$ cat input-v8.txt   # compact mmCIF, C-alpha atoms and all ligand atoms
# COMPACT_ATOMS: atom_id res chain seq x y z
CA MET A 1247 103.79 86.21 -25.62
CA SER A 1248 103.56 89.75 -24.46
CA ALA A 1249 105.37 91.37 -21.61
CA ALA A 1250 101.93 92.33 -20.29
CA LEU A 1251 101.33 88.66 -19.49
CA GLY A 1252 104.63 88.49 -17.64
CA VAL A 1253 106.45 86.46 -20.29
CA ARG A 1254 109.60 88.27 -21.36
CA HIS A 1255 112.69 87.39 -23.38
CA ASP A 1256 114.81 90.44 -22.64
CA TRP A 1257 116.07 89.96 -19.10
CA THR A 1258 119.46 91.43 -18.22
CA ARG A 1259 121.87 89.67 -15.88
CA ASP A 1260 121.51 92.50 -13.36
CA GLN A 1261 117.73 92.24 -13.33
CA ILE A 1262 117.98 88.51 -12.66
CA LEU A 1263 120.59 89.02 -9.96
CA ALA A 1264 118.28 91.54 -8.33
CA LEU A 1265 115.67 88.78 -8.02
CA PHE A 1266 118.23 86.41 -6.47
CA ASN A 1267 119.12 89.14 -3.97
CA LEU A 1268 115.58 89.83 -2.78
CA PRO A 1269 114.83 89.07 0.86
CA PHE A 1270 113.86 85.38 0.94
CA ASN A 1271 110.23 85.97 1.88
CA ASP A 1272 109.77 88.61 -0.81
CA LEU A 1273 111.25 86.29 -3.42
CA LEU A 1274 109.07 83.36 -2.38
CA PHE A 1275 105.92 85.47 -2.21
CA ARG A 1276 106.54 86.80 -5.69
CA ALA A 1277 107.40 83.38 -7.15
CA HIS A 1278 104.37 81.73 -5.56
CA SER A 1279 102.07 84.51 -6.78
CA VAL A 1280 103.34 83.99 -10.35
CA HIS A 1281 102.95 80.23 -9.95
CA ARG A 1282 99.29 80.55 -8.93
CA GLN A 1283 98.51 82.70 -11.95
CA HIS A 1284 99.48 79.92 -14.33
CA PHE A 1285 99.23 76.60 -12.51
CA ASP A 1286 97.22 74.77 -9.92
CA PRO A 1287 99.62 75.03 -6.94
CA ASN A 1288 98.48 71.64 -5.65
CA GLN A 1289 99.45 69.67 -8.72
CA VAL A 1290 102.82 68.29 -9.72
CA GLN A 1291 103.63 66.59 -13.01
CA VAL A 1292 105.18 63.16 -12.58
CA SER A 1293 107.60 61.44 -14.94
CA THR A 1294 109.53 58.21 -14.80
CA LEU A 1295 113.02 57.99 -16.17
CA CYS A 1296 114.60 54.98 -17.83
CA SER A 1297 118.28 54.68 -18.72
CA ILE A 1298 118.16 52.98 -22.12
CA LYS A 1299 121.94 52.92 -22.48
CA THR A 1300 124.18 53.32 -19.46
CA GLY A 1301 127.79 54.43 -19.02
CA ALA A 1302 130.85 54.55 -21.32
CA CYS A 1303 130.07 58.08 -22.50
CA PRO A 1304 133.03 59.76 -24.24
CA GLU A 1305 132.16 63.22 -22.83
CA ASP A 1306 133.86 64.65 -19.73
CA CYS A 1307 131.01 66.33 -17.80
CA ALA A 1308 132.64 66.70 -14.38
CA TYR A 1309 129.52 65.72 -12.43
CA CYS A 1310 128.63 62.61 -14.36
CA PRO A 1311 129.23 58.99 -13.31
CA GLN A 1312 128.44 57.86 -16.86
CA SER A 1313 131.57 59.41 -18.33
CA ALA A 1314 134.05 56.75 -19.43
CA ARG A 1315 136.81 59.06 -18.16
CA TYR A 1316 135.98 58.58 -14.48
CA ASP A 1317 136.21 55.44 -12.40
CA THR A 1318 132.89 55.44 -10.59
CA GLY A 1319 132.26 51.69 -10.55
CA LEU A 1320 129.20 52.14 -12.73
CA GLU A 1321 128.24 49.05 -14.67
CA ARG A 1322 128.01 49.72 -18.40
CA GLU A 1323 124.98 48.56 -20.30
CA GLN A 1324 124.30 48.34 -24.02
CA LEU A 1325 121.28 49.94 -25.65
CA MET A 1326 118.21 48.20 -24.22
CA ALA A 1327 115.97 46.14 -26.48
CA VAL A 1328 112.81 47.97 -27.55
CA GLU A 1329 110.50 45.41 -25.88
CA LYS A 1330 112.39 45.75 -22.58
CA VAL A 1331 111.94 49.54 -22.70
CA LEU A 1332 108.22 49.07 -23.33
CA GLU A 1333 108.01 46.72 -20.35
CA GLU A 1334 109.52 49.46 -18.16
CA ALA A 1335 107.11 51.99 -19.64
CA ARG A 1336 104.12 49.79 -18.81
CA ALA A 1337 105.38 49.49 -15.23
CA ALA A 1338 105.87 53.27 -15.04
CA LYS A 1339 102.32 53.85 -16.23
CA ALA A 1340 100.98 51.36 -13.69
CA GLY A 1341 102.95 53.27 -11.04
CA GLY A 1342 101.23 56.51 -11.99
CA ALA A 1343 103.72 58.24 -14.31
CA THR A 1344 102.24 60.25 -17.15
CA ARG A 1345 105.51 60.81 -18.96
CA PHE A 1346 108.23 58.33 -19.76
CA CYS A 1347 111.70 59.76 -20.22
CA MET A 1348 114.42 57.74 -21.93
CA GLY A 1349 118.07 58.66 -21.53
CA ALA A 1350 121.14 57.30 -23.33
CA ALA A 1351 124.73 58.12 -22.35
CA TRP A 1352 125.91 59.15 -25.79
CA ARG A 1353 127.76 62.15 -27.16
CA SER A 1354 125.15 61.90 -29.91
CA PRO A 1355 123.17 59.03 -31.39
CA LYS A 1356 124.64 57.19 -34.36
CA ASN A 1357 122.41 56.90 -37.37
CA LYS A 1358 122.27 53.12 -36.89
CA ASP A 1359 120.67 53.74 -33.45
CA MET A 1360 117.86 55.87 -34.81
CA PRO A 1361 115.48 53.04 -35.89
CA TYR A 1362 115.64 51.63 -32.35
CA VAL A 1363 115.03 54.89 -30.55
CA THR A 1364 112.21 55.90 -32.90
CA SER A 1365 110.56 52.48 -32.31
CA MET A 1366 110.79 53.13 -28.59
CA VAL A 1367 109.08 56.49 -29.01
CA LYS A 1368 106.26 55.00 -31.08
CA GLY A 1369 105.75 52.10 -28.65
CA VAL A 1370 105.67 54.31 -25.56
CA LYS A 1371 103.24 56.72 -27.23
CA GLU A 1372 100.94 53.78 -28.02
CA LEU A 1373 100.79 53.04 -24.31
CA GLY A 1374 99.28 56.50 -23.78
CA LEU A 1375 102.31 58.10 -22.17
CA GLU A 1376 104.00 61.34 -23.06
CA THR A 1377 107.52 60.77 -24.31
CA CYS A 1378 110.82 62.49 -23.66
CA MET A 1379 114.35 61.55 -24.68
CA THR A 1380 117.86 62.70 -23.92
CA LEU A 1381 120.42 61.26 -26.31
CA GLY A 1382 123.06 63.98 -26.55
CA MET A 1383 123.64 66.26 -29.49
CA LEU A 1384 121.26 65.95 -32.45
CA THR A 1385 121.64 66.86 -36.10
CA THR A 1386 118.75 68.50 -37.91
CA GLU A 1387 117.84 65.16 -39.53
CA GLN A 1388 117.94 63.24 -36.25
CA ALA A 1389 115.72 65.82 -34.58
CA GLN A 1390 113.28 65.55 -37.47
CA SER A 1391 113.09 61.77 -37.33
CA LEU A 1392 112.42 61.84 -33.57
CA ALA A 1393 109.69 64.43 -34.12
CA GLN A 1394 108.16 62.32 -36.89
CA ALA A 1395 108.12 59.31 -34.54
CA GLY A 1396 106.02 61.42 -32.18
CA LEU A 1397 108.56 62.42 -29.53
CA ASP A 1398 106.99 65.11 -27.34
CA TYR A 1399 110.04 66.48 -25.51
CA TYR A 1400 113.77 66.48 -26.00
CA ASN A 1401 116.03 67.14 -23.01
CA HIS A 1402 119.35 68.84 -23.50
CA ASN A 1403 120.68 70.88 -20.61
CA LEU A 1404 122.90 73.95 -20.69
CA ASP A 1405 124.16 72.99 -17.21
CA THR A 1406 125.47 76.42 -16.12
CA SER A 1407 126.37 79.91 -17.34
CA PRO A 1408 128.42 80.33 -20.53
CA GLU A 1409 131.26 81.73 -18.37
CA TYR A 1410 131.42 78.80 -15.95
CA TYR A 1411 130.71 76.08 -18.51
CA GLY A 1412 134.39 75.45 -19.35
CA GLU A 1413 135.05 74.54 -15.70
CA VAL A 1414 132.63 71.64 -16.02
CA ILE A 1415 132.78 70.35 -19.61
CA THR A 1416 135.50 70.61 -22.24
CA THR A 1417 134.44 68.07 -24.86
CA ARG A 1418 131.58 70.07 -26.34
CA THR A 1419 130.90 73.78 -26.40
CA TYR A 1420 128.02 75.88 -25.17
CA GLN A 1421 127.36 76.73 -28.79
CA ASP A 1422 127.07 72.99 -29.64
CA ARG A 1423 124.35 72.75 -27.03
CA LEU A 1424 122.50 75.78 -28.32
CA GLU A 1425 122.58 74.31 -31.82
CA THR A 1426 121.03 71.04 -30.68
CA LEU A 1427 118.32 73.00 -28.88
CA ALA A 1428 117.65 74.99 -32.05
CA ASN A 1429 117.39 71.74 -34.06
CA VAL A 1430 114.88 70.37 -31.55
CA ARG A 1431 112.75 73.53 -31.79
CA ALA A 1432 112.96 73.63 -35.58
CA ALA A 1433 111.69 70.02 -35.70
CA GLY A 1434 108.65 71.09 -33.66
CA MET A 1435 109.38 69.28 -30.40
CA LYS A 1436 109.04 70.74 -26.93
CA VAL A 1437 112.25 71.64 -25.17
CA CYS A 1438 113.35 70.44 -21.75
CA CYS A 1439 116.41 72.41 -20.73
CA GLY A 1440 117.91 73.44 -17.41
CA GLY A 1441 121.03 73.04 -15.37
CA ILE A 1442 122.78 72.00 -12.20
CA VAL A 1443 123.51 74.04 -9.10
CA GLY A 1444 126.10 73.26 -6.46
CA MET A 1445 129.02 72.70 -8.87
CA GLY A 1446 131.12 75.46 -7.30
CA GLU A 1447 129.51 78.16 -9.41
CA GLU A 1448 128.57 81.60 -8.07
CA VAL A 1449 125.16 83.24 -7.94
CA LYS A 1450 126.06 85.18 -11.08
CA ASP A 1451 126.44 81.85 -12.89
CA ARG A 1452 123.02 80.65 -11.77
CA ALA A 1453 121.67 83.97 -13.00
CA GLY A 1454 123.63 83.47 -16.25
CA LEU A 1455 122.12 80.03 -16.83
CA LEU A 1456 118.59 81.32 -16.26
CA GLN A 1457 119.29 84.32 -18.49
CA GLN A 1458 120.20 81.96 -21.35
CA LEU A 1459 116.99 79.99 -20.85
CA VAL A 1460 114.63 82.93 -20.47
CA ASN A 1461 115.98 84.86 -23.44
CA MET A 1462 115.51 81.99 -25.91
CA PRO A 1463 112.92 82.83 -28.59
CA GLU A 1464 110.56 80.47 -26.73
CA HIS A 1465 111.00 79.47 -23.11
CA PRO A 1466 111.73 75.77 -22.64
CA GLU A 1467 108.43 74.12 -21.72
CA SER A 1468 110.30 72.22 -19.06
CA VAL A 1469 113.13 73.55 -16.90
CA PRO A 1470 114.93 70.98 -14.74
CA ILE A 1471 116.86 72.47 -11.85
CA ASN A 1472 119.23 69.82 -10.54
CA MET A 1473 121.17 69.84 -7.29
CA LEU A 1474 124.58 68.30 -7.78
CA VAL A 1475 124.73 64.68 -6.67
CA ARG A 1476 128.37 64.16 -5.73
CA VAL A 1477 129.56 60.84 -7.06
CA GLU A 1478 132.83 59.29 -5.90
CA GLY A 1479 135.32 59.17 -8.75
CA THR A 1480 134.01 62.26 -10.57
CA PRO A 1481 135.95 65.55 -10.42
CA LEU A 1482 133.12 67.15 -8.42
CA ALA A 1483 133.02 64.41 -5.77
CA ASP A 1484 134.39 66.74 -3.09
CA GLU A 1485 132.39 69.83 -3.97
CA GLN A 1486 130.96 71.66 -0.96
CA ASP A 1487 127.32 71.38 0.04
CA LEU A 1488 125.08 74.03 -1.43
CA ASP A 1489 122.90 75.83 1.11
CA PRO A 1490 119.35 74.54 0.43
CA PHE A 1491 118.10 78.15 0.52
CA ASP A 1492 120.28 78.91 -2.50
CA PHE A 1493 118.66 75.99 -4.30
CA ILE A 1494 115.17 77.26 -3.41
CA ARG A 1495 116.12 80.74 -4.61
CA THR A 1496 117.12 79.28 -7.97
CA ILE A 1497 113.75 77.52 -8.29
CA ALA A 1498 111.91 80.72 -7.34
CA VAL A 1499 113.78 82.88 -9.83
CA ALA A 1500 113.21 80.29 -12.59
CA ARG A 1501 109.48 80.37 -11.79
CA ILE A 1502 109.31 84.17 -11.99
CA LEU A 1503 111.30 84.30 -15.24
CA MET A 1504 109.47 81.45 -17.01
CA PRO A 1505 105.96 81.65 -15.58
CA LYS A 1506 104.35 79.15 -17.95
CA SER A 1507 107.07 76.50 -17.94
CA HIS A 1508 107.10 73.46 -15.73
CA VAL A 1509 110.01 73.82 -13.33
CA ARG A 1510 111.35 70.40 -12.47
CA LEU A 1511 112.78 69.40 -9.16
CA SER A 1512 115.24 66.96 -10.61
CA ALA A 1513 118.47 65.19 -9.58
CA GLY A 1514 119.47 65.75 -5.98
CA ARG A 1515 115.99 65.34 -4.54
CA GLU A 1516 117.19 62.25 -2.61
CA GLY A 1517 119.39 64.48 -0.48
CA MET A 1518 116.59 66.91 0.38
CA ASN A 1519 114.34 66.58 3.37
CA GLU A 1520 110.57 66.88 3.04
CA GLN A 1521 110.61 70.47 4.22
CA THR A 1522 113.05 71.55 1.51
CA GLN A 1523 110.98 69.78 -1.13
CA ALA A 1524 107.80 71.41 0.18
CA LEU A 1525 109.48 74.82 0.00
CA ALA A 1526 110.58 74.06 -3.57
CA PHE A 1527 106.96 73.28 -4.52
CA PHE A 1528 105.87 76.54 -2.89
CA ALA A 1529 108.58 78.40 -4.81
CA GLY A 1530 107.14 77.08 -8.07
CA ALA A 1531 108.57 73.63 -8.77
CA ASN A 1532 105.78 71.55 -10.30
CA SER A 1533 107.39 68.53 -11.86
CA ILE A 1534 109.35 65.60 -10.43
CA PHE A 1535 110.76 62.24 -11.35
CA TYR A 1536 109.01 59.44 -9.63
CA GLY A 1537 110.45 55.97 -9.23
CA ALA A 1538 113.37 54.19 -7.70
CA LYS A 1539 116.20 55.52 -9.84
CA LEU A 1540 117.03 58.77 -11.56
CA LEU A 1541 119.26 57.29 -14.24
CA THR A 1542 122.23 56.26 -12.14
CA THR A 1543 121.73 58.38 -9.03
CA PRO A 1544 119.37 57.52 -6.18
CA ASN A 1545 115.89 59.04 -6.27
CA PRO A 1546 113.38 58.94 -3.38
CA GLU A 1547 111.33 55.78 -3.57
CA SER A 1548 107.86 56.15 -5.00
CA ASP A 1549 106.03 55.49 -1.77
CA ARG A 1550 107.93 58.26 0.00
CA ASP A 1551 106.81 60.59 -2.75
CA ARG A 1552 103.24 59.42 -2.36
CA GLN A 1553 103.45 60.09 1.38
CA LEU A 1554 104.86 63.56 0.83
CA PHE A 1555 102.17 64.37 -1.76
CA HIS A 1556 99.55 63.16 0.69
CA LYS A 1557 100.93 65.29 3.52
CA LEU A 1558 100.98 68.36 1.31
CA GLY A 1559 97.65 67.72 -0.43
CA ILE A 1560 99.38 67.53 -3.80
CA GLU A 1561 97.95 65.51 -6.67
CA PRO A 1562 99.85 64.29 -9.69
CA GLU A 1563 98.91 66.21 -12.79
CA ALA A 1564 96.97 64.12 -15.29
CA TYR A 1565 97.93 63.72 -18.92
CA GLU A 1566 95.02 62.99 -21.19
CA VAL A 1567 95.40 60.89 -24.32
CA SER A 1568 92.41 60.54 -26.65
CA GLY A 1569 89.95 61.11 -23.84
CA GLU A 1570 91.67 58.65 -21.52
CA SER A 1571 93.33 60.06 -18.40
CA SER A 1572 95.88 58.69 -15.98
CA GLU A 1573 94.71 56.74 -12.93
CA PHE A 1574 95.03 59.71 -10.62
CA THR A 1575 92.31 62.18 -9.73
CA PRO A 1576 91.75 64.52 -12.67
CA PRO A 1577 93.21 68.00 -12.30
CA LYS A 1578 90.99 70.84 -11.18
CA GLN A 1579 92.53 73.07 -13.78
CA ARG A 1580 94.58 72.22 -16.85
CA PRO A 1581 97.86 74.12 -17.03
CA ALA A 1582 98.67 76.07 -20.14
CA ALA A 1583 102.12 74.67 -20.63
CA SER A 1584 104.07 71.49 -20.15
CA HIS A 1585 107.06 70.12 -18.34
CA SER A 1586 110.37 67.99 -17.29
CA MET A 1587 114.06 66.52 -16.60
CA PHE A 1588 117.50 65.18 -15.85
CA TYR A 1589 121.14 65.10 -15.88
CA ASN A 1590 123.48 62.16 -15.65
CA ALA A 1591 122.15 61.19 -19.04
CA ALA A 1592 123.23 62.69 -22.26
CA GLY A 1593 122.74 66.10 -20.69
S1 LIG A 1601 126.13 64.18 -18.73
FE1 LIG A 1601 125.61 63.09 -20.62
S2 LIG A 1601 127.12 63.76 -22.10
FE2 LIG A 1601 127.94 64.27 -20.08
S3 LIG A 1601 129.22 62.49 -19.52
FE3 LIG A 1601 127.18 62.16 -18.68
S4 LIG A 1601 126.09 60.93 -20.19
FE4 LIG A 1601 127.88 61.83 -21.21
$ encode --input "input-v8.txt" --output "structure tokens"
Amino acid sequence: MSAALGVRHDWTRDQILALFNLPFNDLLFRAHSVHRQHFDPNQVQVSTLCSIKTGACPEDCAYCPQSARYDTGLEREQLMAVEKVLEEARAAKAGGATRFCMGAAWRSPKNKDMPYVTSMVKGVKELGLETCMTLGMLTTEQAQSLAQAGLDYYNHNLDTSPEYYGEVITTRTYQDRLETLANVRAAGMKVCCGGIVGMGEEVKDRAGLLQQLVNMPEHPESVPINMLVRVEGTPLADEQDLDPFDFIRTIAVARILMPKSHVRLSAGREGMNEQTQALAFFAGANSIFYGAKLLTTPNPESDRDRQLFHKLGIEPEAYEVSGESSEFTPPKQRPAASHSMFYNAAG
């Protein structure tokens, strides 16, 4: 896309920092103006997330209760049976989700797991839902088989800046993550990629994360911005609270940099009041997880989300499959791009 349309891939760290440093009202005005050019500001995409394999992950992501290295009291679960996953997907659809996201706490899937996960993708697609998975690192072949099964999105987060990354994860490199993302793109799937704020990083690291995302050859269609959920037993359990305005600034800068991507208000929403969430929507967030649990961390219950949407006049964005649309009111305007996701899965 051309720079004339506001989609660039050549942002410097200083230019991004300059956005972070704008007066708050100037930043929000600019982000909201960009948002309105590309999206209906009163629509938010809604996904439901299902943990298809929980805990016992060999990685050491310092924020994650699913790492086998930390004693967080999390109950481990084996890979779910395909039919059980489809049951959850049917319930998610009945609850209004248009996308079903499946996460497994793996470093990477084993080849023996692939027939199960590809069956899940096919089954969920047949229900008329968009599909997304997060399974850890993927080889070229694994990415291709997921794409052939019909997987729409693959989530793999960069988490933070390249400079701060080593403070958070030591068992896989930034480059490993970039390679998985390249495999996902090469297989033709949409990319869901974002990070986490509130892990003790500085503003320059938030700028560094967004710089990595925006300067990819194609922007991720979906950019989850997570607020750290501090979990007892993880190394980041005692991290200090992030000022909610710093979180909103991160959303706003992501919106300006990646005007056609869905920016997802992801983990950490439970700890935000309605006003902070409303400000995040104004700043350009237009995707959320909906349902009782965001993998293993609490997520606002669906009816609270419904109430908030009602108060703000927000409608869930419809996803149309073969002429059939979700149960919600059809959108007034179809967005040009798509959406989503998490952490605390195989981020
Ligand atoms: S974030 Fe993912 S890769 Fe890291 S420990 Fe948790 S489940 Fe494992």
$ closest_atom_pairs --input "input-v8.txt" --of "chain A" --to "ligand LIG 1601 (chain A)" --cutoff "9 Å" --atoms "only C-alpha atoms and all ligand atoms" --output "Markdown table"
| residue | atom | partner | partner_atom | distance |
| --- | --- | --- | --- | --- |
| A:Thr1300 | CA | A:LIG1601 | S4 | 7.9 |
| A:Gly1301 | CA | A:LIG1601 | S4 | 6.8 |
| A:Ala1302 | CA | A:LIG1601 | FE4 | 7.9 |
| A:Cys1303 | CA | A:LIG1601 | FE4 | 4.5 |
| A:Pro1304 | CA | A:LIG1601 | FE4 | 6.3 |
| A:Glu1305 | CA | A:LIG1601 | S3 | 4.5 |
| A:Asp1306 | CA | A:LIG1601 | S3 | 5.1 |
| A:Cys1307 | CA | A:LIG1601 | FE2 | 4.3 |
| A:Ala1308 | CA | A:LIG1601 | S3 | 7.5 |
| A:Tyr1309 | CA | A:LIG1601 | S1 | 7.3 |
| A:Cys1310 | CA | A:LIG1601 | FE3 | 4.6 |
| A:Pro1311 | CA | A:LIG1601 | FE3 | 6.6 |
| A:Gln1312 | CA | A:LIG1601 | FE3 | 4.8 |
| A:Ser1313 | CA | A:LIG1601 | S3 | 4.1 |
| A:Ala1314 | CA | A:LIG1601 | S3 | 7.5 |
| A:Arg1315 | CA | A:LIG1601 | S3 | 8.4 |
| A:Gly1349 | CA | A:LIG1601 | S4 | 8.4 |
| A:Ala1350 | CA | A:LIG1601 | S4 | 6.9 |
| A:Ala1351 | CA | A:LIG1601 | S4 | 3.8 |
| A:Trp1352 | CA | A:LIG1601 | FE4 | 5.7 |
| A:Arg1353 | CA | A:LIG1601 | S2 | 5.3 |
| A:Ser1354 | CA | A:LIG1601 | S2 | 8.3 |
| A:Thr1380 | CA | A:LIG1601 | FE1 | 8.4 |
| A:Leu1381 | CA | A:LIG1601 | FE1 | 7.9 |
| A:Gly1382 | CA | A:LIG1601 | S2 | 6.0 |
| A:Met1383 | CA | A:LIG1601 | S2 | 8.5 |
| A:His1402 | CA | A:LIG1601 | FE1 | 9.0 |
| A:Asn1403 | CA | A:LIG1601 | S1 | 8.8 |
| A:Ile1415 | CA | A:LIG1601 | FE2 | 7.8 |
| A:Thr1417 | CA | A:LIG1601 | FE2 | 8.9 |
| A:Arg1418 | CA | A:LIG1601 | S2 | 8.8 |
| A:Tyr1589 | CA | A:LIG1601 | S1 | 5.8 |
| A:Asn1590 | CA | A:LIG1601 | S1 | 4.5 |
| A:Ala1591 | CA | A:LIG1601 | S4 | 4.1 |
| A:Ala1592 | CA | A:LIG1601 | FE1 | 2.9 |
| A:Gly1593 | CA | A:LIG1601 | FE1 | 4.2 |
$ write_last_selection --input "input-v8.txt" --atoms "C-alpha atoms" --output "CSV table (one decimal), keeping the file's coordinate frame"
chain,number,residue,atom,x,y,z
A,1300,THR,CA,124.2,53.3,-19.5
A,1301,GLY,CA,127.8,54.4,-19.0
A,1302,ALA,CA,130.8,54.6,-21.3
A,1303,CYS,CA,130.1,58.1,-22.5
A,1304,PRO,CA,133.0,59.8,-24.2
A,1305,GLU,CA,132.2,63.2,-22.8
A,1306,ASP,CA,133.9,64.6,-19.7
A,1307,CYS,CA,131.0,66.3,-17.8
A,1308,ALA,CA,132.6,66.7,-14.4
A,1309,TYR,CA,129.5,65.7,-12.4
A,1310,CYS,CA,128.6,62.6,-14.4
A,1311,PRO,CA,129.2,59.0,-13.3
A,1312,GLN,CA,128.4,57.9,-16.9
A,1313,SER,CA,131.6,59.4,-18.3
A,1314,ALA,CA,134.0,56.8,-19.4
A,1315,ARG,CA,136.8,59.1,-18.2
A,1349,GLY,CA,118.1,58.7,-21.5
A,1350,ALA,CA,121.1,57.3,-23.3
A,1351,ALA,CA,124.7,58.1,-22.4
A,1352,TRP,CA,125.9,59.2,-25.8
A,1353,ARG,CA,127.8,62.2,-27.2
A,1354,SER,CA,125.2,61.9,-29.9
A,1380,THR,CA,117.9,62.7,-23.9
A,1381,LEU,CA,120.4,61.3,-26.3
A,1382,GLY,CA,123.1,64.0,-26.6
A,1383,MET,CA,123.6,66.3,-29.5
A,1402,HIS,CA,119.4,68.8,-23.5
A,1403,ASN,CA,120.7,70.9,-20.6
A,1415,ILE,CA,132.8,70.4,-19.6
A,1417,THR,CA,134.4,68.1,-24.9
A,1418,ARG,CA,131.6,70.1,-26.3
A,1589,TYR,CA,121.1,65.1,-15.9
A,1590,ASN,CA,123.5,62.2,-15.6
A,1591,ALA,CA,122.2,61.2,-19.0
A,1592,ALA,CA,123.2,62.7,-22.3
A,1593,GLY,CA,122.7,66.1,-20.7
$ closest_residue --input "input-v8.txt" --among "A:Leu1424, A:Leu1320, A:Ala1500, A:Ala1483" --to "Arg1452 of chain A" --atoms "all atoms listed in the file"
A:Ala1500
$ closest_residue --input "input-v8.txt" --among "A:Ala1335, A:Trp1257, A:Leu1459, A:Gly1444" --to "Gln1486 of chain A" --atoms "all atoms listed in the file"
A:Gly1444
$ closest_residue --input "input-v8.txt" --among "A:Phe1491, A:Phe1346, A:Tyr1399, A:Tyr1362" --to "Ile1534 of chain A" --atoms "only C-alpha atoms"
A:Phe1346
$ atom_distance --input "input-v8.txt" --atom1 "atom CA of Phe1527 of chain A" --atom2 "atom CA of Asn1401 of chain A"
21.5 Å
$ residues_around --input "input-v8.txt" --residues "Glu1333 of chain A" --least-positions-apart "2" --cutoff "12 Å" --atoms "all atoms listed in the file" --output "ChimeraX atom specification"
/A:1296,1326-1331,1335-1340,1346,1366,1369-1370,1373
$ atom_distance --input "input-v8.txt" --atom1 "atom CA of Lys1371 of chain A" --atom2 "atom CA of Leu1325 of chain A"
19.3 Å
$ closest_residue --input "input-v8.txt" --among "A:Cys1347, A:Met1473, A:Glu1323, A:Leu1265" --to "Ala1277 of chain A" --atoms "only C-alpha atoms"
A:Leu1265
